[in-house]
>>> print(open('coords-v6.cif').read())   # mmCIF, C-alpha atoms and all ligand atoms
data_protein
#
loop_
_atom_site.label_atom_id
_atom_site.label_comp_id
_atom_site.auth_asym_id
_atom_site.auth_seq_id
_atom_site.Cartn_x
_atom_site.Cartn_y
_atom_site.Cartn_z
CA MET A 43 -16.52 0.68 -12.32
CA LEU A 44 -13.62 -1.34 -13.63
CA GLY A 45 -10.44 -0.70 -11.63
CA ILE A 46 -6.97 -1.37 -13.05
CA GLU A 47 -3.72 -1.31 -11.07
CA THR A 48 -0.36 -1.71 -12.83
CA SER A 49 1.96 0.73 -11.05
CA CYS A 50 4.60 -1.79 -9.96
CA ASP A 51 4.77 -5.58 -9.87
CA GLU A 52 1.13 -6.60 -9.36
CA THR A 53 -1.53 -6.59 -12.03
CA GLY A 54 -4.82 -5.95 -10.21
CA VAL A 55 -8.32 -5.75 -11.64
CA ALA A 56 -11.68 -5.33 -9.89
CA LEU A 57 -15.32 -4.54 -10.56
CA LEU A 58 -17.30 -2.39 -8.19
CA ARG A 59 -20.89 -1.22 -8.18
CA TRP A 60 -21.08 2.15 -6.43
CA TYR A 61 -22.99 2.14 -3.13
CA PRO A 62 -21.91 5.35 -1.36
CA GLU A 63 -23.11 4.20 2.08
CA ALA A 64 -21.48 0.75 1.96
CA PRO A 65 -18.81 0.66 -0.77
CA GLY A 66 -17.61 -2.83 0.24
CA GLU A 67 -20.99 -4.34 -0.59
CA GLY A 68 -20.58 -3.16 -4.16
CA LEU A 69 -17.39 -5.16 -4.75
CA LEU A 70 -18.40 -7.66 -7.43
CA SER A 71 -15.09 -9.34 -8.20
CA HIS A 72 -11.36 -8.86 -8.06
CA ALA A 73 -8.42 -10.62 -9.66
CA LEU A 74 -4.71 -10.24 -9.03
CA TYR A 75 -1.56 -11.49 -10.64
CA SER A 76 1.69 -11.04 -8.72
CA GLN A 77 4.97 -10.90 -10.63
CA ILE A 78 7.04 -11.76 -7.55
CA LYS A 79 8.45 -14.98 -9.04
CA LEU A 80 9.50 -13.17 -12.21
CA HIS A 81 11.56 -10.57 -10.33
CA ALA A 82 12.85 -12.80 -7.51
CA GLU A 83 15.92 -14.02 -9.39
CA TYR A 84 17.06 -10.39 -9.89
CA GLY A 85 16.51 -9.47 -6.23
CA GLY A 86 14.14 -6.61 -7.09
CA VAL A 87 11.63 -5.33 -9.63
CA VAL A 88 13.01 -5.05 -13.19
CA PRO A 89 10.88 -2.28 -14.75
CA GLU A 90 10.95 -3.50 -18.36
CA LEU A 91 10.00 -7.04 -17.35
CA ALA A 92 7.20 -5.63 -15.20
CA SER A 93 5.73 -3.70 -18.14
CA ARG A 94 5.84 -6.72 -20.43
CA ASP A 95 4.18 -8.94 -17.86
CA HIS A 96 1.39 -6.39 -17.32
CA VAL A 97 0.82 -6.46 -21.10
CA ARG A 98 0.53 -10.24 -20.96
CA LYS A 99 -1.72 -10.48 -17.92
CA LEU A 100 -4.00 -7.44 -17.93
CA LEU A 101 -6.66 -8.41 -20.48
CA PRO A 102 -6.99 -12.03 -19.29
CA LEU A 103 -7.52 -10.65 -15.77
CA VAL A 104 -10.16 -8.20 -17.00
CA ARG A 105 -11.98 -11.10 -18.68
CA GLU A 106 -11.67 -13.16 -15.50
CA ALA A 107 -13.07 -10.36 -13.31
CA LEU A 108 -15.98 -9.79 -15.72
CA ALA A 109 -16.77 -13.51 -15.83
CA GLN A 110 -16.63 -13.78 -12.01
CA ALA A 111 -19.10 -10.90 -11.74
CA GLY A 112 -21.32 -12.24 -14.53
CA LEU A 113 -20.88 -9.00 -16.49
CA THR A 114 -19.89 -8.05 -20.03
CA PRO A 115 -17.90 -4.96 -21.08
CA ALA A 116 -21.18 -3.32 -22.14
CA ASP A 117 -22.21 -3.21 -18.46
CA LEU A 118 -19.31 -0.92 -17.52
CA GLY A 119 -20.04 2.67 -16.50
CA GLY A 120 -16.42 3.78 -16.19
CA VAL A 121 -12.82 2.61 -16.11
CA ALA A 122 -10.42 3.72 -13.37
CA TYR A 123 -6.67 3.14 -13.55
CA THR A 124 -3.59 4.05 -11.55
CA ALA A 125 -2.10 7.12 -13.25
CA GLY A 126 0.84 7.35 -10.80
CA PRO A 127 3.09 7.36 -8.92
CA GLY A 128 4.94 4.24 -10.06
CA LEU A 129 7.09 2.77 -12.82
CA VAL A 130 6.42 4.72 -15.99
CA GLY A 131 6.25 1.76 -18.37
CA ALA A 132 4.06 -0.25 -16.03
CA LEU A 133 1.72 2.70 -15.52
CA LEU A 134 1.46 3.23 -19.28
CA VAL A 135 0.22 -0.33 -19.80
CA GLY A 136 -2.72 0.17 -17.45
CA ALA A 137 -3.43 3.71 -18.63
CA SER A 138 -3.43 2.79 -22.33
CA ALA A 139 -5.63 -0.26 -21.82
CA ALA A 140 -8.05 1.63 -19.57
CA ARG A 141 -8.31 4.63 -21.90
CA ALA A 142 -8.81 2.38 -24.95
CA MET A 143 -11.57 0.40 -23.24
CA ALA A 144 -13.30 3.53 -21.97
CA TRP A 145 -13.10 5.15 -25.41
CA ALA A 146 -14.45 2.03 -27.17
CA LEU A 147 -17.32 1.74 -24.69
CA GLY A 148 -18.08 5.46 -24.61
CA VAL A 149 -17.67 5.67 -20.81
CA PRO A 150 -15.47 7.97 -18.68
CA ALA A 151 -11.90 7.04 -17.72
CA ILE A 152 -10.53 8.17 -14.38
CA GLY A 153 -6.81 8.36 -13.58
CA VAL A 154 -6.33 7.61 -9.89
CA HIS A 155 -3.48 8.46 -7.52
CA HIS A 156 -2.10 5.15 -6.25
CA MET A 157 -1.78 6.41 -2.68
CA GLU A 158 -5.34 7.72 -2.67
CA GLY A 159 -6.33 4.18 -3.63
CA HIS A 160 -4.42 2.80 -0.62
CA LEU A 161 -5.85 5.49 1.63
CA LEU A 162 -9.44 4.68 0.69
CA ALA A 163 -9.05 0.87 0.77
CA PRO A 164 -10.41 0.56 4.36
CA LEU A 165 -13.73 1.91 3.04
CA LEU A 166 -14.18 -1.48 1.34
CA GLU A 167 -14.54 -3.18 4.73
CA GLU A 168 -17.60 -3.52 6.94
CA ASP A 169 -18.04 -0.53 9.25
CA PRO A 170 -16.03 1.87 7.04
CA PRO A 171 -14.32 4.86 8.70
CA GLU A 172 -16.01 8.26 8.30
CA PRO A 173 -13.80 11.28 7.67
CA PRO A 174 -12.28 13.13 9.41
CA PHE A 175 -9.53 10.62 10.18
CA VAL A 176 -5.76 10.27 10.18
CA ALA A 177 -4.21 7.81 7.73
CA LEU A 178 -0.88 6.05 8.11
CA LEU A 179 0.18 5.16 4.57
CA VAL A 180 3.07 2.74 4.64
CA SER A 181 4.11 1.01 1.44
CA GLY A 182 7.24 0.19 -0.53
CA GLY A 183 7.44 3.77 -1.77
CA HIS A 184 5.81 5.85 0.98
CA SER A 185 5.61 6.42 4.72
CA MET A 186 3.14 9.19 5.29
CA LEU A 187 0.76 10.48 7.89
CA VAL A 188 -2.17 12.22 6.26
CA GLU A 189 -5.02 14.17 7.80
CA VAL A 190 -8.16 13.29 5.82
CA LYS A 191 -10.81 15.96 6.36
CA GLY A 192 -12.98 14.56 3.59
CA ILE A 193 -12.53 12.62 0.36
CA GLY A 194 -9.98 14.58 -1.67
CA GLU A 195 -9.17 16.91 1.24
CA TYR A 196 -5.77 15.74 2.35
CA ARG A 197 -3.09 17.40 4.44
CA ILE A 198 0.30 15.70 4.72
CA LEU A 199 1.29 15.74 8.40
CA GLY A 200 4.48 13.72 8.04
CA ASP A 201 6.55 12.10 5.33
CA THR A 202 9.69 10.05 5.04
CA LEU A 203 13.02 11.82 4.81
CA ASP A 204 14.75 8.80 3.25
CA ASP A 205 13.63 5.15 3.02
CA ALA A 206 9.91 4.32 3.10
CA ALA A 207 8.80 1.79 5.72
CA GLY A 208 8.40 -1.04 3.21
CA GLU A 209 11.71 -0.16 1.59
CA ALA A 210 13.38 -0.34 5.02
CA PHE A 211 11.87 -3.80 5.55
CA ASP A 212 13.00 -4.94 2.09
CA LYS A 213 16.54 -3.55 2.30
CA THR A 214 17.08 -4.83 5.83
CA ALA A 215 15.87 -8.27 4.78
CA LYS A 216 18.23 -8.23 1.81
CA LEU A 217 21.29 -7.32 3.84
CA MET A 218 20.63 -10.32 6.10
CA GLY A 219 20.41 -12.54 3.04
CA LEU A 220 16.64 -13.03 2.82
CA PRO A 221 15.10 -13.49 -0.63
CA TYR A 222 13.08 -10.81 -2.42
CA PRO A 223 10.55 -9.51 -1.51
CA GLY A 224 12.11 -9.18 1.91
CA GLY A 225 9.41 -7.40 3.94
CA PRO A 226 7.00 -10.30 4.47
CA ALA A 227 9.92 -12.77 4.85
CA LEU A 228 11.52 -10.58 7.53
CA ALA A 229 8.20 -10.25 9.37
CA LYS A 230 7.75 -14.01 9.32
CA LEU A 231 11.28 -14.58 10.62
CA ALA A 232 10.69 -12.02 13.40
CA GLU A 233 8.05 -14.35 14.87
CA GLN A 234 10.89 -16.73 15.85
CA GLY A 235 12.99 -13.93 17.37
CA ARG A 236 13.57 -13.76 21.12
CA PRO A 237 12.45 -10.57 22.87
CA GLY A 238 15.26 -8.34 24.11
CA ALA A 239 18.10 -10.15 22.33
CA PHE A 240 18.81 -6.96 20.33
CA ARG A 241 17.51 -3.40 20.55
CA PHE A 242 17.57 -0.68 17.91
CA SER A 243 16.64 2.97 18.22
CA ARG A 244 13.24 4.52 17.44
CA PRO A 245 14.39 7.11 14.88
CA MET A 246 13.24 10.72 15.25
CA THR A 247 10.94 10.06 18.18
CA ASP A 248 13.06 12.09 20.63
CA ARG A 249 12.07 15.37 19.01
CA PRO A 250 8.73 16.82 17.94
CA GLY A 251 7.49 16.34 14.40
CA LEU A 252 5.79 13.69 12.35
CA ASP A 253 8.38 12.85 9.70
CA PHE A 254 10.01 9.43 9.46
CA SER A 255 13.58 8.38 8.76
CA PHE A 256 14.39 4.69 8.55
CA SER A 257 17.72 4.49 6.76
CA GLY A 258 19.77 4.77 9.99
CA LEU A 259 17.91 1.79 11.39
CA LYS A 260 19.03 -0.23 8.40
CA THR A 261 22.65 0.71 9.15
CA GLN A 262 22.23 -0.34 12.79
CA VAL A 263 20.98 -3.71 11.61
CA LEU A 264 23.87 -4.08 9.19
CA LEU A 265 26.42 -3.49 11.95
CA ALA A 266 24.65 -5.83 14.37
CA TRP A 267 24.44 -8.53 11.70
CA GLN A 268 28.09 -8.18 10.63
CA GLN A 269 29.30 -8.37 14.24
CA SER A 270 27.11 -11.36 15.12
CA ASP A 271 27.57 -15.13 14.73
CA GLN A 272 25.11 -14.93 11.79
CA SER A 273 23.20 -17.98 13.00
CA GLU A 274 19.54 -18.58 12.11
CA GLN A 275 18.47 -17.69 15.64
CA THR A 276 20.46 -14.44 15.55
CA ARG A 277 18.91 -13.52 12.22
CA ALA A 278 15.45 -14.03 13.74
CA ASP A 279 16.42 -12.07 16.88
CA ILE A 280 17.62 -9.13 14.79
CA ALA A 281 14.51 -9.31 12.59
CA ARG A 282 12.36 -9.12 15.69
CA ALA A 283 14.24 -6.15 17.15
CA PHE A 284 14.08 -4.35 13.81
CA GLU A 285 10.35 -4.95 13.48
CA GLU A 286 9.78 -3.77 17.05
CA ALA A 287 11.74 -0.59 16.41
CA ILE A 288 9.89 0.27 13.23
CA VAL A 289 6.45 -0.60 14.64
CA ASP A 290 7.11 1.35 17.86
CA THR A 291 8.21 4.36 15.83
CA MET A 292 5.06 4.27 13.73
CA ILE A 293 2.85 3.96 16.82
CA ILE A 294 4.53 6.92 18.53
CA LYS A 295 4.00 9.06 15.40
CA CYS A 296 0.41 7.89 14.91
CA ARG A 297 -0.45 8.90 18.47
CA ARG A 298 1.09 12.31 17.90
CA ALA A 299 -0.70 12.75 14.57
CA LEU A 300 -4.08 11.86 16.09
CA GLN A 301 -3.46 14.43 18.80
CA ALA A 302 -2.34 17.10 16.35
CA ALA A 303 -5.41 16.54 14.16
CA GLY A 304 -7.79 16.05 17.09
CA ALA A 305 -8.97 12.84 15.42
CA LYS A 306 -10.39 9.67 16.95
CA ARG A 307 -10.05 7.41 13.90
CA LEU A 308 -6.87 6.04 12.40
CA VAL A 309 -6.72 4.33 9.03
CA ILE A 310 -3.75 2.12 8.18
CA ALA A 311 -3.07 1.30 4.56
CA GLY A 312 -0.35 0.18 2.15
CA GLY A 313 1.69 -3.02 2.02
CA VAL A 314 3.28 -2.62 5.47
CA GLY A 315 -0.28 -2.42 6.85
CA ALA A 316 -0.27 -6.20 6.37
CA ASN A 317 2.31 -6.47 9.17
CA LYS A 318 0.81 -8.45 12.05
CA ARG A 319 2.74 -6.74 14.84
CA LEU A 320 1.74 -3.31 13.53
CA ARG A 321 -1.92 -4.31 13.32
CA ALA A 322 -1.99 -5.85 16.81
CA GLU A 323 -0.11 -3.01 18.50
CA LEU A 324 -2.10 -0.24 16.84
CA ALA A 325 -5.36 -1.91 17.79
CA ALA A 326 -4.07 -2.18 21.39
CA ALA A 327 -2.91 1.46 21.42
CA GLY A 328 -6.34 2.45 20.19
CA GLU A 329 -8.06 0.64 23.05
CA LYS A 330 -5.77 2.37 25.52
CA ASP A 331 -5.98 5.88 24.04
CA GLY A 332 -9.60 5.79 22.87
CA PHE A 333 -9.11 5.85 19.10
CA LYS A 334 -10.31 3.27 16.61
CA ALA A 335 -7.93 1.70 14.11
CA TYR A 336 -9.25 0.68 10.68
CA PHE A 337 -7.37 -1.77 8.48
CA PRO A 338 -8.13 -3.10 5.03
CA ARG A 339 -8.20 -6.91 4.77
CA LEU A 340 -4.69 -8.26 4.08
CA ALA A 341 -5.26 -8.66 0.33
CA PHE A 342 -6.23 -4.97 0.06
CA CYS A 343 -3.21 -3.70 2.04
CA THR A 344 -0.87 -4.54 -0.82
CA ASP A 345 -1.51 -3.36 -4.37
CA ASN A 346 -4.87 -4.37 -5.84
CA GLY A 347 -7.49 -3.30 -8.35
CA ALA A 348 -10.32 -2.93 -5.83
CA MET A 349 -8.88 0.19 -4.20
CA ILE A 350 -8.45 1.79 -7.64
CA ALA A 351 -12.04 0.93 -8.66
CA LEU A 352 -13.23 2.49 -5.38
CA ALA A 353 -11.18 5.69 -5.68
CA GLY A 354 -12.32 6.00 -9.32
CA ALA A 355 -15.98 5.47 -8.41
CA ILE A 356 -15.78 8.14 -5.70
CA ARG A 357 -14.10 10.63 -8.04
CA LEU A 358 -16.61 9.94 -10.81
CA ALA A 359 -19.47 10.37 -8.33
CA HIS A 360 -18.00 13.83 -7.69
CA GLY A 361 -18.04 14.52 -11.42
CA GLN A 362 -14.32 14.11 -11.95
CA HIS A 363 -12.80 12.43 -14.98
CA GLN A 364 -10.21 13.39 -17.57
CA ASP A 365 -9.96 14.05 -21.28
CA GLU A 366 -8.80 11.33 -23.66
CA SER A 367 -5.03 11.78 -23.49
CA VAL A 368 -3.02 8.92 -22.02
CA GLN A 369 -0.98 10.58 -19.31
CA VAL A 370 0.86 9.03 -16.40
CA PHE A 371 2.80 10.59 -13.52
CA PRO A 372 5.72 8.47 -12.27
CA ARG A 373 6.24 11.05 -9.49
CA TRP A 374 3.10 12.67 -8.20
CA ASP A 375 2.33 14.31 -4.84
CA LEU A 376 -0.86 13.22 -3.14
O1 LIG B 401 1.56 -1.18 -1.15
P1 LIG B 401 2.52 -2.17 -1.71
O2 LIG B 401 1.98 -3.51 -2.16
O3 LIG B 401 3.30 -1.59 -2.93
C1 LIG B 401 3.70 -0.26 -2.99
O4 LIG B 401 2.87 0.59 -3.35
O5 LIG B 401 4.88 -0.04 -2.63
O6 LIG B 401 3.62 -2.37 -0.58
C2 LIG B 401 4.69 -3.25 -0.74
C3 LIG B 401 5.59 -3.14 0.48
C4 LIG B 401 6.90 -3.89 0.30
O7 LIG B 401 7.96 -3.05 0.68
C5 LIG B 401 6.74 -5.08 1.25
O8 LIG B 401 7.96 -5.54 1.75
C6 LIG B 401 5.87 -4.49 2.34
O9 LIG B 401 4.95 -3.68 1.64
N1 LIG B 401 5.17 -5.53 3.10
C7 LIG B 401 5.40 -5.80 4.41
C8 LIG B 401 4.55 -6.88 4.76
N2 LIG B 401 3.84 -7.24 3.65
C9 LIG B 401 4.23 -6.40 2.65
N3 LIG B 401 6.22 -5.21 5.29
C10 LIG B 401 6.22 -5.69 6.54
N4 LIG B 401 5.45 -6.71 6.97
C11 LIG B 401 4.61 -7.34 6.12
N5 LIG B 401 3.85 -8.35 6.55
ZN ZN B 402 1.02 0.39 -3.32
#
>>> encode(input="coords-v6.cif", output="structure tokens")
Amino acid sequence: MLGIETSCDETGVALLRWYPEAPGEGLLSHALYSQIKLHAEYGGVVPELASRDHVRKLLPLVREALAQAGLTPADLGGVAYTAGPGLVGALLVGASAARAMAWALGVPAIGVHHMEGHLLAPLLEEDPPEPPFVALLVSGGHSMLVEVKGIGEYRILGDTLDDAAGEAFDKTAKLMGLPYPGGPALAKLAEQGRPGAFRFSRPMTDRPGLDFSFSGLKTQVLLAWQQSDQSEQTRADIARAFEEAIVDTMIIKCRRALQAAGAKRLVIAGGVGANKRLRAELAAAGEKDGFKAYFPRLAFCTDNGAMIALAGAIRLAHGQHQDESVQVFPRWDL
């Protein structure tokens, strides 16, 4: 299975041989090109530039992944691509290329939901989680808690009411003057922050429910930052307090979700899953409460082709693929 990811600002390609019992062992190669430098001077992703760069990079990456795996296009049994949600132009680049390749090779093409890709990414690791489990999906566009009863059997337990977790990281970083993309920069800065110098609230944890709301937190940071001396140390202190608030909030909701679903396994996926504090504290909470936390490796937390190849392989193994029309879904519920 060739997997193609072009929903936002990373071009990701991977090749996967399908081993249902140990999907990670079937990963033959993966290649990624990040457009971060291209968008940095604009302070965010410029959709038209993203599409054009996917056009430039996609086929060279496919060739690179094939060469790494020692395969030729004739070896492919299917092509999976992200069909949504994401930027429409960027999605269309991947969808058109994938459909054209599949058509030329006479193999099925499978349009994958980007968040299903994230959700299944931990299956690429050793000791993959068995459903049922609860998944915390936290990326630039989503903050969701999902009950996974089986592959394709998803129930949304909680969603974001405003900013997604990654978006909150990015916007908060921006308002304190950090360069795009802010999330990882803010997390790095937080390592230098002193504990207890600032404290922000844990939004929506004082009432029942599993939804998230992070935009108020951003406002709290803005006020604290504007009223401060705006020194480097203060910026790090605020970053730390912000990260603690957001991580604490996610842990409280994860515990509740595991209880509500009666599950003992928690999967964390999406770009914010790369956050070190989140990973450490969830693992610790798991030891205390008796649940096991599963994370993808860092490179498969953020967007990548491997998770799309995997989701496509699973769907194809269940007999699912689509007709030949090139269709993408910029907004698409899981
Ligand atoms: O999954 P992803 O690569 O793209 C989307 O599907 O959105 O997630 C990107 C998001 C960005 O908002 C980025 O700031 C955030 O993940 N992110 C992080 C970290 N690494 C990436 N947020 C907090 N801590 C990190 N270490
Ligand atoms: Zn993503």
>>> residues_near_ligand(input="coords-v6.cif", ligand="ligand ZN 402 (chain B)", cutoff="10 Å", atoms="all atoms listed in the file", output="VMD selection string")
chain A and resid 47 to 52 127 to 128 156 to 161 179 to 184 208 311 to 314 342 to 346 349
>>> atom_distance(input="coords-v6.cif", atom1="CA of Gly219 in chain A", atom2="CA of Lys260 in chain A")
13.5 Å
>>> closest_residue(input="coords-v6.cif", among="A:Trp267, A:Trp145, A:Phe337, A:Trp60", to="Asp169 in chain A", atoms="only C-alpha atoms")
A:Phe337
>>> residues_near_point(input="coords-v6.cif", point="(-7.2, 5.2, 11.7)", cutoff="8 Å", atoms="only C-alpha atoms", output="list in words")
Pro171, Phe175, Val176, Ala177, Leu178, Lys306, Arg307, Leu308, Val309, Ile310, Phe333, Lys334, Ala335, Tyr336 and Phe337 of chain A
>>> axis_aligned_box(input="coords-v6.cif", around="ligand LIG 401 (chain B)", padding_each_side="4 Å", output="AutoDock Vina command-line options")
--center_x 4.8 --center_y -3.9 --center_z 1.8 --size_x 14.4 --size_y 16.9 --size_z 18.3
>>> closest_residue(input="coords-v6.cif", among="A:Ile152, A:Val190, A:Ala92, A:Ile78", to="Leu133 in chain A", atoms="all atoms listed in the file")
A:Ala92
>>> closest_residue(input="coords-v6.cif", among="A:Leu203, A:Gln275, A:Phe240, A:Gln77", to="Ser257 in chain A", atoms="all atoms listed in the file")
A:Leu203
>>> residues_around(input="coords-v6.cif", residues="Asp204 in chain A", least_positions_apart="2", cutoff="8 Å", atoms="all atoms listed in the file", output="PyMOL selection string")
chain A and resi 202+206+254-257
>>> closest_residue(input="coords-v6.cif", among="A:Leu199, A:Leu264, A:Arg277, A:Asp253", to="Gly235 in chain A", atoms="only C-alpha atoms")
A:Arg277
>>> closest_residue(input="coords-v6.cif", among="A:Met246, A:Leu134, A:Val289, A:Ala299", to="ligand LIG 401 (chain B)", atoms="all atoms listed in the file")
A:Val289
>>> atom_distance(input="coords-v6.cif", atom1="CA of Val368 in chain A", atom2="atom P1 of ligand LIG 401 (chain B)")
23.8 Å
>>> atom_distance(input="coords-v6.cif", atom1="CA of Ala116 in chain A", atom2="CA of Ala142 in chain A")
13.9 Å
>>> decode(input="coords-v6.cif", residues="range 163-239 of chain A", atoms="C-alpha atoms", output="compact mmCIF listing (two decimals), in the first residue's frame")
# COMPACT_ATOMS: atom_id res chain seq x y z
CA ALA A 163 -0.93 5.48 14.01
CA PRO A 164 -0.11 3.78 17.36
CA LEU A 165 -0.79 0.44 15.64
CA LEU A 166 2.49 0.98 13.77
CA GLU A 167 4.45 0.56 17.01
CA GLU A 168 5.58 -2.61 18.76
CA ASP A 169 2.91 -3.99 21.09
CA PRO A 170 0.00 -2.29 19.27
CA PRO A 171 -3.18 -1.51 21.26
CA GLU A 172 -6.15 -3.84 20.75
CA PRO A 173 -9.61 -2.30 20.53
CA PRO A 174 -11.62 -1.46 22.54
CA PHE A 175 -9.72 1.65 23.60
CA VAL A 176 -10.19 5.37 24.11
CA ALA A 177 -8.28 7.73 21.82
CA LEU A 178 -7.26 11.29 22.60
CA LEU A 179 -6.85 12.97 19.21
CA VAL A 180 -5.11 16.29 19.61
CA SER A 181 -3.85 18.09 16.53
CA GLY A 182 -3.85 21.55 14.99
CA GLY A 183 -7.47 21.11 13.92
CA HIS A 184 -8.96 18.72 16.48
CA SER A 185 -9.23 17.92 20.18
CA MET A 186 -11.36 14.84 20.49
CA LEU A 187 -11.94 11.93 22.77
CA VAL A 188 -13.11 8.92 20.81
CA GLU A 189 -14.30 5.53 22.00
CA VAL A 190 -12.91 2.95 19.57
CA LYS A 191 -14.90 -0.27 19.83
CA GLY A 192 -13.25 -1.70 16.73
CA ILE A 193 -11.66 -0.42 13.53
CA GLY A 194 -14.25 1.87 11.95
CA GLU A 195 -16.51 1.76 15.02
CA TYR A 196 -16.02 5.17 16.56
CA ARG A 197 -18.08 7.12 19.06
CA ILE A 198 -17.14 10.73 19.76
CA LEU A 199 -17.14 11.21 23.53
CA GLY A 200 -15.89 14.78 23.56
CA ASP A 201 -14.92 17.49 21.11
CA THR A 202 -13.62 21.02 21.19
CA LEU A 203 -16.08 23.88 21.50
CA ASP A 204 -13.61 26.42 20.09
CA ASP A 205 -9.82 26.17 19.58
CA ALA A 206 -8.21 22.75 19.10
CA ALA A 207 -5.33 21.90 21.45
CA GLY A 208 -2.65 22.46 18.81
CA GLU A 209 -4.33 25.67 17.70
CA ALA A 210 -4.29 26.88 21.32
CA PHE A 211 -0.56 26.12 21.52
CA ASP A 212 0.09 27.91 18.21
CA LYS A 213 -2.02 31.00 18.96
CA THR A 214 -0.65 31.35 22.49
CA ALA A 215 2.89 31.08 21.16
CA LYS A 216 2.15 33.74 18.55
CA LEU A 217 0.74 36.23 21.02
CA MET A 218 3.95 35.96 23.06
CA GLY A 219 5.97 36.64 19.92
CA LEU A 220 7.24 33.12 19.16
CA PRO A 221 7.79 32.19 15.51
CA TYR A 222 5.49 29.88 13.55
CA PRO A 223 4.83 27.03 14.15
CA GLY A 224 4.39 28.01 17.76
CA GLY A 225 3.38 24.75 19.45
CA PRO A 226 6.75 22.99 19.53
CA ALA A 227 8.55 26.31 20.23
CA LEU A 228 6.26 27.03 23.18
CA ALA A 229 6.76 23.51 24.56
CA LYS A 230 10.53 23.92 24.30
CA LEU A 231 10.41 27.28 26.07
CA ALA A 232 8.22 25.78 28.82
CA GLU A 233 11.15 23.56 29.83
CA GLN A 234 12.92 26.70 31.11
CA GLY A 235 9.84 27.91 33.01
CA ARG A 236 9.80 27.95 36.81
CA PRO A 237 7.05 25.94 38.50
CA GLY A 238 4.35 28.00 40.20
CA ALA A 239 5.39 31.38 38.77
